[in-house]
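J.: Right, I'll just put the structure down here and ask away after.
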2 protein chains.
Amino acid sequence: MTRFLALALIATSAALAAFPAQADEGMWTFDNFPSAAVKARYGADVTPAWLDKARASVVRLEGGCSGSFASAQGLVLTNHHCVTECLSRISTASRDAQANGFFARTRAEEERCAAEQVSVLERLENVTDKVAAAVGEGIGPAANARRKATLTELEQACEDGYRTRKSPRSCEAVTLYGGGQYFLYHYKRYDDVRLVFAPETSVAFFGGDVDNFEFPRWNLDFSILRVYENGKPAVTPNFLRWRRAGAQEGEPVFVAGHPGSTERLDTVAQLKFEREVSQAHWLLRASELRGRYLQFAAGGAEQARIAQEPLFGLENSFKVFRNGQGVLLNDTFMTAREAEEAKLRKAVAANPKLGPYAGAWTDIEQALGRYRAFYYQHNFVERGAAFGGEFAFAARALARAATERSKPNAERQRQYTEAALPKLRQQLLAPIPDYRDLEILRLTYSLEKLVEYLGVDDPLVRLVVGRDAPRTVATRVINGTKISDAAFREQLWGGGLAALEKSTDPLVQLALRVEPEAQKLRKRYEDEVEAPIAAAEERLARARFAIQGTGTYPDATFTLRLSYGAVAGWREGDRDITPFTTLEGLYARATGQPPFALPPSWKAAEQRVNLGTRFNFSTTNDITGGNSGSPMLDAKGRLVGLIFDGNRHSIGGDYWFDAALNRTVSVHPAALLVALDEVYGARSLTRELVVE
Amino acid sequence: MTRFLALALIATSAALAAFPAQADEGMWTFDNFPSAAVKARYGADVTPAWLDKARASVVRLEGGCSGSFASAQGLVLTNHHCVTECLSRISTASRDAQANGFFARTRAEEERCAAEQVSVLERLENVTDKVAAAVGEGIGPAANARRKATLTELEQACEDGYRTRKSPRSCEAVTLYGGGQYFLYHYKRYDDVRLVFAPETSVAFFGGDVDNFEFPRWNLDFSILRVYENGKPAVTPNFLRWRRAGAQEGEPVFVAGHPGSTERLDTVAQLKFEREVSQAHWLLRASELRGRYLQFAAGGAEQARIAQEPLFGLENSFKVFRNGQGVLLNDTFMTAREAEEAKLRKAVAANPKLGPYAGAWTDIEQALGRYRAFYYQHNFVERGAAFGGEFAFAARALARAATERSKPNAERQRQYTEAALPKLRQQLLAPIPDYRDLEILRLTYSLEKLVEYLGVDDPLVRLVVGRDAPRTVATRVINGTKISDAAFREQLWGGGLAALEKSTDPLVQLALRVEPEAQKLRKRYEDEVEAPIAAAEERLARARFAIQGTGTYPDATFTLRLSYGAVAGWREGDRDITPFTTLEGLYARATGQPPFALPPSWKAAEQRVNLGTRFNFSTTNDITGGNSGSPMLDAKGRLVGLIFDGNRHSIGGDYWFDAALNRTVSVHPAALLVALDEVYGARSLTRELVVE
């Protein structure tokens, strides 16, 4: 479940929130966790010390996941599906770490995941007042720019302070409640992340896309990384002890991690924009790309290997958005949201003090109306639908970074500030596999869609493809580019705009040709859409605080959250789903054919493992994509599970929390230990863990 | 534009209609054409003789198009895109009639389109009272069965009568106004249809999918067929004279043809079912299949040739449904329909005589609610989503026909009655190209979607694929089947169920294994969904007649209709679109690269043709898919155009007619004549025409 990664692909407007939570609902910030309610409901004591320990033991994988320290020597437990990109990049036709798994028997064999970084949240600093003081009450483009410049300046001052003290940290501005609160989050960041262990994809993702988001389930979706500092395993005294027996049915459990994005209190206009425009459009495009990948993969074993990683991500997102769209198309859901919104608007209208907020809904609706007029242009040239493939991404990012770095820090787009550059640089300069056929497929696809949606006479189309067929253009620039060469990228990164302009590389030239138009579309979006929506969401947040109070949680923002719940199944139609699966079920479900074919390691182990071992289980926690790899903790702060998915009902969790049906799905620690000790003979690893 | 063909793929419920027409709106039946209104608006006299002549000159291509007789020796003018299947089937790797066109310089060279039939409507017989008398007022499954049996019996009696008189005719029951009227349409049918002329696809479909549904436009979308009787060209005294100069801007024009399907007065529940379930689902699946085809076609020239025909049909439908879904997702549209429906319901409720009709809307909504519970099962096993590919279609149809033919005629499904069998038999026994890779692609795709939507544990999935991967099953049965052998199919057709059951052919076995479950799902659909909706639609039609009168037209049903209008452009945003394009524009738009690459014939002709020749033009007529190939007539009944498309706004015409924007697009007769005479040197053909 990598919903967060996927969400980055579509134009979801930043969500607003602030509402009373019910049942086990809520992805709570660590500064506002409802310990009293949890104590009352479950008898568990979530103390400040508990929270501090959890915060320090949980990590964010900058690729879009969560994880937890598992030893004092930097071991990190996360999902297998959180390292698919790393596995893909270290694999070749003759050494397939996706198919065969990976196990570094010695530290020397631990292999770098070159694009990955791991972050630990050390401090939360509330800067709401500082931002408010700098921005004031303006709601136009100027105020929007001032707000962003302020966040950049706060980050820079924060990082400068650490640098002065010779202990560099990353500082990130965090917008909560759609602008109701601003924080600086201070992270310790590790940029040397190495792969230690990963099982075979066939058991990690047993059942594949067909079983994804289903339960009962049997996925060994785990991997182990290690963070390094100065070439040595990092010292990480805050790690989680594992509780082999796990938690029992009904026992309270907690998920600490970094959920990516929810839209639970989007306005009706925002939901309808998704339903009619952004999500509808994404789904149709994704479905076609999926078809192209699948047919590409049918071309042979090597093509199947190459397509596996992008296909996994796409199919996962597709399932999320298809089901999400199902929620938005459901009349009952939309009618209920309309009624809620009408009620809130009435309450605001009835309170003279809230008068300034009454226009916020209309402002959002009008901004989205303006966006419709240039949505395709913006999406195909500047946003998620533009220029598919690793090669094109790199070329576009180099062009954008060069343009932005030529400006003062506070005037740059927020993705290119000094605080953001190290991560971007590392991602850009990490090796890219040179799969030209796949790159041609991806670029052809996105250029063909550009032509299809904008029409052949659109000036942007003429600029990008001229009078050539998209496939002709894509084939020419992909076959002619050197962008897959990391040294070439490093040289372009170092040389900035001048180096790019001097280059005769056809893909670089294409990226530069598009850059001014892309910037214009970005500016138009920021001024006509983002600015009024940001201002309106801030007013909505204040209105909600005023009417509903502050005992609420903000929508997810890929920042650290804590969710509480209990081990539980649910009632599906006329059937009871029990919360635990066992190893016996795994073997019963194996057919020998993908995606239900077990690897040799597990087939060989069938006679010696305890078939009663608990394997996956379901709980009532409220999570979403980005939580992948999160530890599940018991009341004593011990690891009792590894989050990897939600059931199918959890997908609607983007829009609302259904306490009766929404369930989180995890790997049981007993399964992890049986796998490491008995199936893979990885005692060198389990010796490093602390297991109770 | 083959929207009709496409509509057959999704579960659109039969539409209901009966409403007052405005502007140039309406696809009128020939027995109820508003001649007085047309006289008042345009001064044109549409007399009974005019109507009779038009009716007798216009034909239906049973593959899903329209056409017109162009000579007394059986020449038929229709679209190029109406013969793509024929062109594909007579093409091979070494003789590509799609790419290079087709021209029979002598009658001996005219080549059979083996699956095609051409029908002329000779008589319309109103049988509403007979059906009412037989069915009564029942609304349950029994009444539904009685209604269908009655239609079958009426058809059979009608055909028996002709057979006795030794002049066989086809009789088809036609349901209009959702059951407000029943007719028997008597057709003269030609089953020996031969290809005479077709231009190269590159000029017929110039601009390809990118320009499809766009205007200004430059498509030479025509072909010429000839119908034969007893091995000789048929004698067809009713044919259209061509008017070389065409019609001028503002001149009244008429389209006579067979529009396939509209849903202008679907209830809101039906529209929402499409929006949330049937159309949404079709679009996602079609988009993926499109991606698979496109990647298949990228594999080489021969793959591109093989994929061209199915890809064209799919992309055409995709554009229709994507835009149609855009209409359904548009809040303004849906709100307006809700308001209209509320008004009508209020009027019905206010009239005590209409009391029995008041529950019709709720009946439809409840029936669709029941359908949701088994929509995927029904669609994947019995309807459009089931078992893709020509091979699987043939096997399933053989199994179904054998099952149905073992029942008395009146008890059979309506597609397998004695009246329907000759067409089905001809289609089934026509040659199928043996493209196994494409067949594997299509069957794999539909089995994978079956598994994806029903889940791997569904008993239907187990029945179809067992514990195998869908690709394994598809590859095995496609590589193992002899179904592509027409003699084998003929033997199975002749041998009925016994022959099928004896066969060891793996695809035939698969079809037989599925047949009982498919029949169960069909029965469930008929009883729980179709029966109550049919009964409700009949009541709605009566309610509308009572409130709105009978001066209306029914929704399209692939039966003969006449639409009136005038030559006109429209205003698109801030631009005026003029109604004519010329040859000059064609050459200006040609880039040399697909889909804008002209064939050698047209490149060579550039210097000698009159570049001012009118090429395509737009009119205000109200048409839809199925009208493809329809003649456009002037007030004197002369051919002034060949319909091939609508502009992009016409797509919303499935749901409503927008007089300001909805335009029909045709090939100008001058372009046809320049092409035949000057580009292709086909004077042997033009000599057969009567041109003024």
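Chain lettering (A, B, ...) mirrors the order of the structure tokens, residue numbering begins at 1 for each chain separately, and ligand numbering begins at 1 in order of display.
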Using only C-alpha atoms, determine which residues lie at most 7 Å from Ala401 (chain A), disregarding the query and same-chain residues fewer than 4 positions distant; provide the list as a ChimeraX atom specification.

T.: /A:397,405,416

J.: Generate a file of the selected residues that holds N, CA, C and O atoms, formatted as an mmCIF file, in the first residue's frame.

T.:
data_model
loop_
_atom_site.group_PDB
_atom_site.id
_atom_site.type_symbol
_atom_site.label_atom_id
_atom_site.label_comp_id
_atom_site.auth_asym_id
_atom_site.auth_seq_id
_atom_site.Cartn_x
_atom_site.Cartn_y
_atom_site.Cartn_z
ATOM 1 N N ALA A 397 13.523 17.854 -14.087
ATOM 2 C CA ALA A 397 13.929 18.297 -12.751
ATOM 3 C C ALA A 397 15.227 19.090 -12.806
ATOM 4 O O ALA A 397 15.402 20.075 -12.077
ATOM 5 N N ARG A 405 17.233 27.636 -8.876
ATOM 6 C CA ARG A 405 18.433 27.948 -8.084
ATOM 7 C C ARG A 405 19.036 29.280 -8.495
ATOM 8 O O ARG A 405 19.862 29.839 -7.758
ATOM 9 N N TYR A 416 12.300 23.602 -4.273
ATOM 10 C CA TYR A 416 13.678 23.879 -4.706
ATOM 11 C C TYR A 416 14.396 24.832 -3.776
ATOM 12 O O TYR A 416 15.352 25.482 -4.150
#

J.: Could the residues of chain B within 6 Å of chain A, counting only C-alpha atoms, be given as a list in words, please?

T.: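 Per the criterion, chain B yields Val210, Glu276, Leu284, Ser287, Glu288, Leu289, Gly291, Arg292, Gln295, Leu329 and Glu452 of chain B.
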
J.: Considering only C-alpha atoms, return as a ChimeraX atom specification whatever protein or nucleic-acid residues lie within 10 Å of Arg614 (chain B), sequence-local ones (same chain, fewer than 5 positions apart) excluded.

T.: /B:218,245-246,580-585,667-672,674

J.: Nearest to Gly629 (chain B) among B:Gly369, B:Gly63, B:Gly300, B:Gly551, with distances taken over only C-alpha atoms: which residue is it?

T.: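 Closest to Gly629 (chain B), using only C-alpha atoms: B:Gly63.
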
J.: Leaving out region 350-366 of chain B and any residue of its chain fewer than 6 positions from it, which residues lie within 8 Å of it when counting only C-alpha atoms, given as number ranges by chain?

T.: B: 267, 269-270, 532-533, 536-537, 539-540, 543

J.: Please, what distance in Å, to one decimal, runs between CA of Phe206 (chain B) and CA of Ser601 (chain B)?

T.: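 Going from CA of Phe206 (chain B) over to CA of Ser601 (chain B) covers 13.8 Å.
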
J.: From the options B:Lys636, B:Arg513, B:Arg41, B:Arg217, which residue's atoms come nearest to Ala247 (chain B), counting only C-alpha atoms?

T.: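 Of B:Lys636, B:Arg513, B:Arg41, B:Arg217, the one nearest Ala247 (chain B) is B:Lys636, counting only C-alpha atoms.
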
J.: Skip Glu490 (chain A) itself and residues of its chain fewer than 2 positions away, then list as a ChimeraX atom specification all residues within 12 Å of it, counting only C-alpha atoms.

T.: /A:394-395,398,425-431,482-488,492-496,499-500

J.: Please save C-alpha atoms of the selected residues as a compact mmCIF listing (two decimals), in the first residue's frame.

T.:
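After the write, part_14.txt holds the following:
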# COMPACT_ATOMS: atom_id res chain seq x y z
CA ALA A 394 15.41 13.75 -14.54
CA ALA A 395 15.71 16.15 -17.47
CA LEU A 398 17.39 19.42 -13.82
CA ARG A 425 19.96 16.19 -5.46
CA GLN A 426 20.39 12.74 -3.98
CA GLN A 427 17.33 11.41 -5.78
CA LEU A 428 18.41 12.93 -9.08
CA LEU A 429 21.97 11.70 -8.98
CA ALA A 430 21.14 8.16 -7.85
CA PRO A 431 21.61 5.60 -10.62
CA LYS A 482 22.77 10.53 -22.22
CA ILE A 483 20.64 11.36 -19.18
CA SER A 484 20.88 7.82 -17.83
CA ASP A 485 24.56 8.50 -17.17
CA ALA A 486 24.83 9.71 -13.56
CA ALA A 487 28.05 11.58 -14.30
CA PHE A 488 26.28 13.49 -17.05
CA LEU A 492 24.42 19.30 -15.55
CA TRP A 493 23.45 19.76 -11.91
CA GLY A 494 26.76 21.43 -11.18
CA GLY A 495 26.75 23.54 -14.33
CA GLY A 496 23.27 24.96 -13.86
CA ALA A 499 25.46 23.88 -18.86
CA LEU A 500 21.92 22.88 -19.81

J.: With DSSP run on the backbone, what are the alpha helix (DSSP H) residues within region 422-506 of chain A? I'd like them as a ChimeraX atom specification.

T.: /A:422-429,436-454,459-465,470-480,486-502,506

J.: If DSSP is run on the backbone, what residues of region 595-649 of chain B are strand (DSSP E)? A reply as a VMD selection string would be ideal.

T.: chain B and resid 614 to 619 631 to 633 639 to 646

J.: So, counting only C-alpha atoms, which residue among A:Ser88, A:Ser223, A:Thr403, A:Thr236 is closest to Leu676 (chain A)?

T.: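 When distances to Leu676 (chain A) are compared using only C-alpha atoms, the smallest one comes from A:Ser223.
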
J.: Kindly indicate which residue among B:Ala70, B:Leu611, B:Leu685, B:Val665 lies nearest to Asn212 (chain B), using only C-alpha atoms for the distances.

T.: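 Of the candidates, the smallest distance to Asn212 (chain B) is held by B:Val665.
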
J.: Which is closer to Asp437 (chain B) than all the others in B:Gly389, B:Pro259, B:Gly178, B:Pro34, using only C-alpha atoms?

T.: B:Gly389

J.: Using only C-alpha atoms, pick whichever of A:Phe545, A:Tyr42, A:Trp50, A:Tyr190 has the shortest atom-to-atom distance to Gly565 (chain A).

T.: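 Of A:Phe545, A:Tyr42, A:Trp50, A:Tyr190, the one nearest Gly565 (chain A), counting only C-alpha atoms, is A:Tyr42.
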
J.: Excluding Leu51 (chain B) and residues on its chain fewer than 4 positions from it, collect all residues at most 12 Å away from it, counting only C-alpha atoms, and give them as a PyMOL selection string.

T.: chain B and resi 28-35+45-47+55-58+121-122+254-256+560-563+633+635-637

J.: With only C-alpha atoms as the counted atoms, please give the residues lying no more than 7 Å from region 98-114 of chain B, apart from itself and same-chain residues fewer than 6 positions off, as a list in words.

T.: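 So, after excluding close chain neighbours, the residues are Cys86, Leu87, Ser88, Asp192, Val193, Arg194, Leu195, Val196, Phe197, Ala198, Pro199, Glu200, Thr201, Ser202 and Ala430 of chain B.
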